[in-house]
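data.txt (compact mmCIF, C-alpha atoms)
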# COMPACT_ATOMS: atom_id res chain seq x y z
CA MET A 1 134.97 58.85 41.39
CA SER A 2 132.30 59.88 43.89
CA GLU A 3 131.95 59.13 47.58
CA LEU A 4 128.83 58.68 49.68
CA ARG A 5 128.21 57.90 53.34
CA LEU A 6 125.51 55.27 53.89
CA ALA A 7 123.90 55.22 57.33
CA TYR A 8 124.15 52.03 59.36
CA GLY A 9 122.66 52.10 62.86
CA GLY A 10 124.20 55.13 64.53
CA SER A 11 127.25 55.03 62.26
CA HIS A 12 127.88 54.74 58.53
CA PHE A 13 129.82 53.02 55.73
CA SER A 14 131.67 55.03 53.09
CA LEU A 15 131.23 53.98 49.48
CA THR A 16 133.49 55.17 46.67
CA PHE A 17 131.85 54.59 43.30
CA ASP A 18 131.79 55.50 39.63
CA ALA A 19 128.74 57.74 39.13
CA SER A 20 128.48 56.58 35.51
CA HIS A 21 127.82 53.04 36.76
CA LEU A 22 125.93 53.57 40.02
CA THR A 23 123.09 56.10 40.21
CA VAL A 24 121.98 57.57 43.53
CA VAL A 25 118.21 57.34 44.03
CA ALA A 26 117.20 59.96 46.60
CA PRO A 27 114.67 62.77 46.89
CA GLU A 28 115.72 66.37 46.51
CA GLU A 29 117.13 67.77 49.75
CA SER A 30 114.66 70.06 51.49
CA VAL A 31 115.61 73.60 52.40
CA PRO A 32 116.14 73.93 56.18
CA GLY A 33 113.61 76.12 57.90
CA PRO A 34 110.50 76.03 60.07
CA PRO A 35 108.09 73.27 59.07
CA HIS A 36 105.01 74.21 57.08
CA GLU A 37 101.79 73.22 58.86
CA ARG A 38 98.49 72.61 57.07
CA LEU A 39 95.27 72.49 59.08
CA ILE A 40 92.64 70.47 57.19
CA ASP A 41 88.87 70.56 57.76
CA SER A 42 89.09 71.33 61.46
CA ALA A 43 89.18 74.10 64.01
CA PRO A 44 92.66 74.65 65.56
CA LEU A 45 93.70 72.11 68.16
CA GLU A 46 93.45 74.59 71.04
CA GLU A 47 89.78 75.13 70.21
CA VAL A 48 89.02 71.46 69.65
CA ALA A 49 90.64 70.50 72.97
CA ARG A 50 88.98 73.14 75.17
CA GLY A 51 87.41 71.58 78.26
CA LYS A 52 88.10 68.01 77.13
CA ARG A 53 90.06 65.04 78.43
CA VAL A 54 92.76 64.54 75.79
CA LEU A 55 94.76 61.43 74.96
CA VAL A 56 97.82 61.87 72.74
CA ILE A 57 98.82 58.64 70.98
CA VAL A 58 102.50 58.60 70.01
CA SER A 59 104.62 56.14 68.03
CA ASP A 60 107.23 53.88 69.59
CA LEU A 61 110.96 53.70 68.88
CA THR A 62 110.68 51.80 65.60
CA ARG A 63 110.12 54.88 63.44
CA PRO A 64 111.27 58.51 63.52
CA THR A 65 108.38 60.98 63.82
CA GLY A 66 109.83 64.22 65.21
CA THR A 67 107.76 63.74 68.38
CA ARG A 68 110.22 65.48 70.70
CA GLU A 69 110.30 68.50 68.39
CA PHE A 70 106.57 69.07 67.99
CA LEU A 71 105.32 68.17 71.48
CA PRO A 72 106.22 71.43 73.29
CA GLU A 73 104.13 73.51 70.90
CA MET A 74 101.34 70.91 70.84
CA LEU A 75 101.17 70.89 74.63
CA ARG A 76 100.91 74.67 74.66
CA ARG A 77 97.87 74.32 72.42
CA LEU A 78 96.44 71.72 74.78
CA GLU A 79 96.50 74.02 77.82
CA SER A 80 92.75 74.52 77.33
CA ALA A 81 92.12 70.79 77.99
CA THR A 82 91.05 69.53 81.41
CA ALA A 83 93.55 66.65 81.27
CA VAL A 84 96.28 65.40 78.92
CA ARG A 85 97.73 61.90 78.95
CA PHE A 86 99.95 59.92 76.57
CA LEU A 87 99.54 56.39 75.19
CA PHE A 88 102.28 54.62 73.22
CA ALA A 89 101.14 52.90 70.01
CA THR A 90 103.25 49.78 70.35
CA GLY A 91 100.83 47.43 68.57
CA LEU A 92 102.56 44.05 68.78
CA HIS A 93 106.03 45.58 69.19
CA ARG A 94 108.00 45.13 72.40
CA PRO A 95 106.93 47.04 75.54
CA LEU A 96 108.71 50.32 76.30
CA ASP A 97 110.67 51.04 79.46
CA ALA A 98 111.01 54.45 81.11
CA SER A 99 114.16 55.36 79.16
CA ASP A 100 112.44 54.50 75.86
CA LYS A 101 109.51 56.76 76.67
CA ALA A 102 111.73 59.63 77.74
CA ALA A 103 113.70 59.27 74.51
CA ILE A 104 110.48 59.52 72.48
CA VAL A 105 108.75 62.45 74.20
CA GLY A 106 111.65 64.18 75.96
CA ASP A 107 112.60 64.17 79.65
CA ASP A 108 110.49 67.22 80.59
CA VAL A 109 107.31 65.87 79.01
CA PHE A 110 107.92 62.39 80.39
CA SER A 111 108.15 63.69 83.95
CA ALA A 112 105.18 66.07 83.66
CA TYR A 113 102.42 63.94 82.09
CA PRO A 114 100.92 60.48 82.71
CA MET A 115 102.41 57.89 80.35
CA LEU A 116 100.19 54.90 79.54
CA ASP A 117 101.16 51.53 78.09
CA HIS A 118 99.20 49.50 75.55
CA GLU A 119 98.78 45.78 76.16
CA PRO A 120 97.54 43.87 73.09
CA GLU A 121 96.63 40.79 75.10
CA SER A 122 94.31 42.43 77.66
CA GLY A 123 92.53 45.62 78.64
CA ASN A 124 90.86 46.15 75.25
CA THR A 125 87.19 46.91 74.47
CA HIS A 126 85.15 45.66 71.52
CA VAL A 127 83.96 48.76 69.63
CA GLY A 128 82.33 47.08 66.64
CA ASP A 129 83.00 44.99 63.52
CA THR A 130 84.26 46.07 60.11
CA SER A 131 82.67 45.02 56.83
CA PHE A 132 85.63 42.66 56.38
CA GLY A 133 84.62 40.81 59.54
CA ASN A 134 87.29 42.22 61.85
CA ARG A 135 86.09 42.31 65.47
CA VAL A 136 87.82 45.56 66.44
CA GLU A 137 89.06 45.77 70.01
CA ILE A 138 90.73 49.02 71.07
CA ASP A 139 92.68 49.81 74.24
CA SER A 140 90.07 50.65 76.88
CA GLN A 141 92.14 53.62 78.03
CA VAL A 142 91.31 55.34 74.73
CA LEU A 143 87.63 55.34 75.62
CA GLU A 144 88.29 57.19 78.89
CA HIS A 145 89.00 60.38 76.92
CA ASP A 146 86.96 62.83 74.87
CA LEU A 147 89.55 63.79 72.23
CA ILE A 148 92.16 61.46 70.76
CA VAL A 149 95.15 63.09 69.06
CA LEU A 150 96.74 60.68 66.56
CA THR A 151 100.39 61.59 66.05
CA GLY A 152 103.01 59.95 63.87
CA SER A 153 104.76 60.37 60.56
CA ILE A 154 103.61 59.73 57.01
CA GLY A 155 105.79 57.42 54.95
CA PHE A 156 105.52 54.49 52.57
CA HIS A 157 104.26 51.22 54.05
CA TYR A 158 104.65 47.98 52.18
CA PHE A 159 101.13 46.70 52.78
CA ALA A 160 99.12 49.51 54.44
CA GLY A 161 100.09 51.82 51.57
CA PHE A 162 101.24 54.61 53.89
CA SER A 163 101.97 54.95 57.58
CA GLY A 164 100.31 57.54 59.80
CA GLY A 165 96.69 58.51 60.37
CA ARG A 166 94.42 55.57 61.18
CA LYS A 167 97.38 53.31 62.00
CA SER A 168 97.70 54.97 65.41
CA LEU A 169 94.50 53.13 66.40
CA LEU A 170 94.62 49.95 64.32
CA PRO A 171 97.16 48.41 64.72
CA GLY A 172 98.73 50.94 67.14
CA VAL A 173 96.49 50.42 70.17
CA ALA A 174 94.37 47.44 69.11
CA SER A 175 94.21 43.90 70.45
CA ARG A 176 96.33 41.10 69.05
CA ALA A 177 93.30 39.44 67.44
CA SER A 178 92.23 42.66 65.68
CA ILE A 179 95.76 43.33 64.43
CA GLU A 180 96.23 39.81 63.13
CA PHE A 181 92.88 39.85 61.32
CA ASN A 182 93.77 43.16 59.68
CA HIS A 183 97.19 41.98 58.55
CA LEU A 184 95.83 38.68 57.25
CA LEU A 185 94.09 40.73 54.55
CA VAL A 186 97.54 40.90 52.92
CA LEU A 187 96.97 37.38 51.61
CA ASN A 188 94.71 36.60 48.67
CA ARG A 189 91.46 35.11 49.93
CA ASN A 190 90.54 33.77 46.50
CA GLY A 191 93.79 32.08 45.64
CA SER A 192 97.40 31.74 46.59
CA GLY A 193 99.93 34.48 47.18
CA ARG A 194 99.55 38.10 48.15
CA ASN A 195 96.38 40.08 47.47
CA PRO A 196 97.22 42.19 44.39
CA ASP A 197 95.31 45.17 45.84
CA VAL A 198 97.68 45.32 48.84
CA ARG A 199 100.55 47.50 47.66
CA VAL A 200 102.95 50.13 48.82
CA ALA A 201 101.81 53.74 48.18
CA THR A 202 98.25 52.57 47.47
CA LEU A 203 95.18 53.38 49.57
CA GLU A 204 92.34 53.14 47.03
CA GLY A 205 90.91 49.62 47.12
CA ASN A 206 93.57 48.38 49.55
CA PRO A 207 91.68 46.11 51.99
CA VAL A 208 94.29 46.48 54.75
CA HIS A 209 93.89 50.26 54.65
CA ASP A 210 90.10 50.10 54.32
CA ASP A 211 89.84 47.82 57.34
CA MET A 212 92.01 50.25 59.36
CA VAL A 213 89.80 53.18 58.36
CA GLU A 214 86.64 51.32 59.33
CA GLY A 215 88.27 50.38 62.63
CA ALA A 216 89.07 54.04 63.37
CA ARG A 217 85.49 55.06 62.59
CA LEU A 218 84.24 52.58 65.17
CA VAL A 219 86.05 54.44 67.94
CA ASP A 220 83.26 56.68 69.23
CA ARG A 221 85.50 59.56 70.22
CA GLU A 222 86.58 62.80 68.57
CA LEU A 223 89.76 62.27 66.54
CA PHE A 224 92.36 64.85 65.54
CA VAL A 225 95.40 63.85 63.47
CA TYR A 226 98.83 65.45 63.71
CA ASN A 227 101.12 63.78 61.15
CA THR A 228 104.61 64.90 60.24
CA ILE A 229 106.53 64.46 57.01
CA LEU A 230 110.25 64.19 57.66
CA ASP A 231 113.11 64.95 55.29
CA SER A 232 116.05 62.63 54.70
CA ARG A 233 117.76 63.96 57.84
CA LYS A 234 114.71 63.13 59.98
CA ARG A 235 113.80 66.82 60.37
CA ILE A 236 110.15 67.88 60.32
CA HIS A 237 109.50 69.31 56.88
CA ARG A 238 105.71 69.54 56.79
CA VAL A 239 102.80 68.82 59.11
CA TYR A 240 99.29 67.74 58.14
CA CYS A 241 96.78 68.09 60.96
CA GLY A 242 93.07 68.31 61.59
CA HIS A 243 90.46 65.89 60.26
CA TRP A 244 91.85 62.43 60.94
CA GLN A 245 91.10 61.03 57.49
CA GLU A 246 91.26 63.99 55.13
CA ALA A 247 94.48 65.49 56.56
CA HIS A 248 96.13 62.08 56.37
CA ARG A 249 94.96 61.54 52.77
CA LEU A 250 96.35 64.89 51.61
CA GLY A 251 99.58 64.18 53.46
CA THR A 252 100.01 60.87 51.65
CA GLU A 253 99.50 62.57 48.29
CA ASP A 254 102.17 65.10 49.23
CA TYR A 255 104.54 62.36 50.39
CA LEU A 256 104.03 60.38 47.19
CA ARG A 257 105.01 63.43 45.12
CA HIS A 258 108.17 64.11 47.09
CA GLY A 259 109.13 60.67 48.42
CA SER A 260 109.03 58.72 45.16
CA VAL A 261 111.96 59.01 42.75
CA PRO A 262 111.61 58.09 39.05
CA ILE A 263 114.11 55.61 37.61
CA PRO A 264 114.65 54.92 33.90
CA GLU A 265 114.95 51.14 34.11
CA LEU A 266 115.32 48.12 36.35
CA ARG A 267 118.95 47.19 36.94
CA ASP A 268 120.93 44.22 38.22
CA LEU A 269 122.17 45.83 41.44
CA ALA A 270 120.88 48.03 44.26
CA ILE A 271 122.86 49.02 47.35
CA VAL A 272 120.34 50.09 49.97
CA SER A 273 120.72 51.62 53.41
CA CYS A 274 117.61 51.67 55.56
CA GLY A 275 118.62 55.17 56.63
CA GLY A 276 120.23 54.20 59.92
CA PHE A 277 118.66 54.03 63.37
CA PRO A 278 115.76 53.58 64.07
CA ARG A 279 114.83 52.42 60.57
CA ASP A 280 117.25 49.49 60.94
CA ILE A 281 116.59 48.88 64.64
CA ASN A 282 115.60 45.28 63.83
CA MET A 283 115.04 43.03 60.83
CA ILE A 284 111.26 43.50 60.84
CA GLN A 285 111.75 47.24 60.34
CA ALA A 286 114.71 46.82 57.95
CA HIS A 287 112.60 44.61 55.71
CA LYS A 288 110.75 47.75 54.57
CA ALA A 289 113.88 49.08 52.85
CA LEU A 290 114.32 45.71 51.13
CA GLU A 291 110.71 45.93 49.93
CA PHE A 292 111.23 49.37 48.41
CA ALA A 293 114.56 48.41 46.82
CA ARG A 294 112.88 45.57 44.93
CA TYR A 295 111.21 48.12 42.68
CA ALA A 296 114.61 49.10 41.26
CA VAL A 297 116.02 45.62 40.54
CA ARG A 298 115.40 43.01 37.87
CA PRO A 299 114.36 39.55 39.08
CA GLY A 300 117.56 37.60 39.61
CA GLY A 301 119.51 40.77 40.40
CA THR A 302 121.38 41.57 43.60
CA ILE A 303 120.38 43.75 46.56
CA ILE A 304 122.96 44.70 49.19
CA LEU A 305 121.05 45.58 52.36
CA LEU A 306 122.73 47.62 55.12
CA ALA A 307 120.76 46.97 58.31
CA GLU A 308 122.45 46.97 61.71
CA CYS A 309 119.55 45.31 63.60
CA ARG A 310 120.84 46.21 67.06
CA GLU A 311 117.66 44.76 68.57
CA GLY A 312 117.87 41.56 66.55
CA MET A 313 114.83 40.27 64.71
CA GLY A 314 112.27 42.56 66.32
CA HIS A 315 109.81 40.03 67.74
CA PRO A 316 110.10 36.45 69.07
CA SER A 317 107.45 35.17 66.63
CA PHE A 318 109.32 36.36 63.50
CA PHE A 319 112.40 34.18 63.08
CA PRO A 320 110.83 30.74 63.83
CA TRP A 321 108.82 31.02 60.60
CA PHE A 322 111.99 30.49 58.59
CA ARG A 323 111.70 26.79 59.40
CA TYR A 324 109.74 26.84 56.15
CA THR A 325 112.11 27.10 53.20
CA GLU A 326 109.65 26.59 50.36
CA LEU A 327 107.21 29.41 49.68
CA ASP A 328 104.18 27.24 48.94
CA GLU A 329 104.65 25.30 52.18
CA PHE A 330 105.21 28.59 54.03
CA GLU A 331 102.00 30.06 52.63
CA ARG A 332 99.91 27.04 53.62
CA ALA A 333 101.26 27.19 57.16
CA LEU A 334 100.60 30.92 57.34
CA GLY A 335 97.02 30.48 56.19
CA ALA A 336 96.45 27.74 58.74
CA GLY A 337 97.98 29.57 61.71
CA TYR A 338 98.39 33.24 60.86
CA GLU A 339 100.76 35.47 62.80
CA VAL A 340 101.55 39.08 61.93
CA TYR A 341 105.28 38.62 61.81
CA GLY A 342 104.92 35.33 59.99
CA GLN A 343 103.53 37.43 57.15
CA THR A 344 106.61 39.68 57.36
CA ALA A 345 108.87 36.63 57.30
CA TYR A 346 107.02 35.30 54.26
CA ALA A 347 107.44 38.64 52.46
CA LEU A 348 111.17 38.68 53.23
CA LEU A 349 111.74 35.11 52.08
CA SER A 350 109.79 35.82 48.88
CA LYS A 351 112.25 38.58 48.02
CA ALA A 352 115.23 36.44 49.03
CA ARG A 353 114.03 33.87 46.49
CA LEU A 354 113.44 36.48 43.76
CA PHE A 355 116.76 38.33 44.23
CA ARG A 356 120.21 37.62 45.56
CA VAL A 357 120.22 39.52 48.87
CA ILE A 358 123.51 40.22 50.64
CA CYS A 359 122.84 41.44 54.18
CA VAL A 360 125.30 43.51 56.21
CA SER A 361 124.11 43.39 59.81
CA SER A 362 125.04 42.53 63.39
CA LEU A 363 123.03 39.29 63.15
CA SER A 364 124.79 35.93 63.15
CA GLU A 365 125.80 34.49 59.79
CA GLU A 366 123.70 31.41 60.48
CA ASP A 367 120.55 33.44 61.11
CA VAL A 368 121.06 35.55 57.97
CA ARG A 369 121.44 32.40 55.85
CA ARG A 370 118.35 30.91 57.49
CA MET A 371 116.38 33.88 56.15
CA GLY A 372 117.61 33.13 52.62
CA MET A 373 120.20 35.92 52.49
CA GLU A 374 123.99 35.96 52.29
CA PRO A 375 125.82 37.49 55.28
CA ALA A 376 128.62 40.04 55.04
CA PRO A 377 130.36 41.84 57.95
CA ASP A 378 130.65 45.21 56.19
CA LEU A 379 130.00 47.00 52.91
CA ASP A 380 133.45 46.32 51.42
CA SER A 381 133.00 42.60 52.04
CA ALA A 382 129.56 42.70 50.46
CA MET A 383 130.91 44.46 47.37
CA ALA A 384 133.66 41.84 47.13
CA LEU A 385 130.98 39.15 46.77
CA LEU A 386 129.75 40.69 43.52
CA GLU A 387 130.90 39.15 40.29
CA GLY A 388 131.34 40.34 36.71
CA GLU A 389 128.77 42.78 35.40
CA ALA A 390 127.07 43.15 38.77
CA ALA A 391 130.29 44.51 40.29
CA ARG A 392 130.70 47.12 37.57
CA GLY A 393 127.09 48.19 37.25
CA PRO A 394 124.90 49.73 36.14
CA GLY A 395 123.08 49.80 39.43
CA TYR A 396 121.45 52.04 41.99
CA ILE A 397 122.33 53.33 45.44
CA LEU A 398 119.42 54.00 47.81
CA PRO A 399 120.83 55.90 50.81
CA PHE A 400 117.36 56.34 52.37
CA GLY A 401 115.84 53.00 51.45
CA GLY A 402 113.37 52.96 54.32
CA GLN A 403 111.57 56.05 53.09
CA VAL A 404 112.12 56.39 49.33
CA LEU A 405 110.20 54.51 46.66
CA PRO A 406 111.82 54.03 43.21
CA VAL A 407 109.18 54.35 40.50
CA LEU A 408 109.82 53.03 37.00
CA ARG A 409 109.05 55.70 34.42
Just give me the structure as structure tokens.
Amino acid sequence: MSELRLAYGGSHFSLTFDASHLTVVAPEESVPGPPHERLIDSAPLEEVARGKRVLVIVSDLTRPTGTREFLPEMLRRLESATAVRFLFATGLHRPLDASDKAAIVGDDVFSAYPMLDHEPESGNTHVGDTSFGNRVEIDSQVLEHDLIVLTGSIGFHYFAGFSGGRKSLLPGVASRASIEFNHLLVLNRNGSGRNPDVRVATLEGNPVHDDMVEGARLVDRELFVYNTILDSRKRIHRVYCGHWQEAHRLGTEDYLRHGSVPIPELRDLAIVSCGGFPRDINMIQAHKALEFARYAVRPGGTIILLAECREGMGHPSFFPWFRYTELDEFERALGAGYEVYGQTAYALLSKARLFRVICVSSLSEEDVRRMGMEPAPDLDSAMALLEGEAARGPGYILPFGGQVLPVLR
């Protein structure tokens, strides 16, 4: 028998299993050491920043990026700038308080530099329209600077293809209307259901990604990207920096090679941990691990999702959408009155209808059932709900479900 610890919030569950029945799906562990940095199609940051007003856009608490680790060296390189300020790319996520910001950038940086907040409802400037018809409005504070440094981490994203790069601007610091228009491209304009070109790990021909790229180009400021790739322990493994589009593209190709794991077949069971905090900070974020796990399971199979959700659902507009229990009715309502997190709710319910999903979380049993899933208080209880062949396997274990994509050979 084998034993594995599966992260859950800031803690873990231990799973004892027969390795001949349950296969662990995880990338190869990276060798500890200083991160490798690749500068792409750009002069070094210290040269690019010389004599300029610099705005550093950083991610919020919903995703690990290694921000605290890379900022001291980045700020040393920015000593040639005339001014450096920070803006938090919260998009439509909750606002950050002082303790949140200090946790992201570190106490010393927080106390030494101006920290700006993004407000999606106001204080945004129209910078132009994309070919898709998106009227792009970007935080006006961005336009007060000469150089914009887009930080973040590259990972799989279930409809943008990959995180990082252009996402720091749209949706990171865009208006609500611009974000909602962009995310509405998930749906098929010429029929029902999801647009087949909108897929995880796909940029080419993905309208959500293309609209984000066009939105970034409309921002008439110099852009410099600094994107990390983290290993399974959330340590910075590689950095892609420089040209905002090319460095990000090469980083996504690298991540696809190392973050996808081949599997021989679809199976009837997957046990998936989001990877712990902050990947399971709320259900909106935890849904990403459920999306990736689906690629390892046959329709009608079972997914056990370990997602603490210490901050609940993640946004007030998310849970009310589960008043719709039929997917066709849900889709009509979403098309008539689109909301970003309504789309997330629709995607979750779609998977809850396609698979049996047992959810281990801190959410109430009633709320879990409302989302189409079965509640369980812990992993042992979830395993006890399995019956017959599903309990014995074969199946998969995804200990880093929020960042690893199973790929059928």
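Here the question is which of A:Thr90, A:Ser11, A:Ser350, A:Ser80 gets nearest to A:Arg294 using all atoms listed in the file, and that residue is A:Ser350.
Residues in contact range of stretch 199-204 of chain A, defined as at most 6 Å between all atoms listed in the file, with sequence neighbours fewer than 3 positions away removed, read Phe156, His157, Tyr158, Phe159, Gly161 and Phe162 of chain A.
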(Q) Residues near A:Val127, anyone? I mean within 8 Å using all atoms listed in the file, not counting same-chain ones fewer than 6 positions away, as a count of residues only. (A) 7
Q: Pick out the residues sitting within 10 Å of A:Phe70, and hand them over as number ranges by chain; count all atoms listed in the file, and ignore anything fewer than 5 positions along from it in its own chain.
A: A: 35, 65, 75, 105, 151, 226, 228, 236, 239
Convert the current residue selection to file output with C-alpha atoms, as a PDB file, in the frame of the given file.
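Result written to part_19.pdb:
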ATOM      1  CA  PRO A  35     108.090  73.270  59.070  1.00  0.00           C
ATOM      2  CA  THR A  65     108.380  60.980  63.820  1.00  0.00           C
ATOM      3  CA  LEU A  75     101.170  70.890  74.630  1.00  0.00           C
ATOM      4  CA  VAL A 105     108.750  62.450  74.200  1.00  0.00           C
ATOM      5  CA  THR A 151     100.390  61.590  66.050  1.00  0.00           C
ATOM      6  CA  TYR A 226      98.830  65.450  63.710  1.00  0.00           C
ATOM      7  CA  THR A 228     104.610  64.900  60.240  1.00  0.00           C
ATOM      8  CA  ILE A 236     110.150  67.880  60.320  1.00  0.00           C
ATOM      9  CA  VAL A 239     102.800  68.820  59.110  1.00  0.00           C
TER      10      VAL A 239
END
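Candidate residues A:Phe322, A:Phe132, A:Phe88, A:Phe400 were compared for distance to A:Val25, and the nearest is A:Phe400, using all atoms listed in the file.
Atom CA of A:Phe318 is positioned 12.9 Å from atom CA of A:Phe330.
The smallest atom-to-atom distance between A:Gly276 and any of A:Ala216, A:Ala49, A:Ala289, A:Leu334, using only C-alpha atoms, is found for A:Ala289.
Across A:Leu256, A:Val142, A:Ile40, A:Cys309, the tightest approach to A:Asp280 is made by A:Cys309 when counting only C-alpha atoms.
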**Q.** Who sits within 10 Å of A:Pro72, all atoms listed in the file, same chain under 4 positions skipped, as a list in words
**A.** Thr67, Arg68, Arg76, Arg77, Leu78, Val105, Gly106, Asp108 and Val109 of chain A
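What separates atom CA of A:Ser362 from atom CA of A:Gly9 is a distance of 9.9 Å.
All protein and nucleic acid residues in the vicinity of (89.0, 49.5, 52.4), that is within 12 Å when counting only C-alpha atoms, are Thr130, Ser131, Phe132, Ala160, Gly161, Arg166, Asn182, Leu185, Asp197, Val198, Thr202, Leu203, Glu204, Gly205, Asn206, Pro207, Val208, His209, Asp210, Asp211, Met212, Val213, Glu214, Gly215 and Ala216 of chain A.
Here the question is which of A:Gly123, A:Gly312, A:Gly242, A:Gly372 gets nearest to A:Ala43 using only C-alpha atoms, and that residue is A:Gly242.
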Centre and size of axis-aligned box enclosing stretch 392-400 of chain A plus 4 Å each side, as JSON:
{"center_x": 124.0, "center_y": 51.7, "center_z": 44.3, "size_x": 21.3, "size_y": 17.2, "size_z": 24.2}
Q.
Would you pick out the contacts of A:Arg63 at 10 Å or less, using all atoms listed in the file, so that residues sharing its chain but fewer than 3 positions from it are not included, and give the list as number ranges by chain?
A. A: 59-60, 66, 152-153, 155, 277-281, 285, 402
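Proximity of A:Met371, A:Ile397, A:Val340, A:Leu87 to A:Val186, computed with all atoms listed in the file, is greatest for A:Val340.
Atom to atom, atom CA of A:Pro27 and atom CA of A:Ile263 stand 11.7 Å apart.
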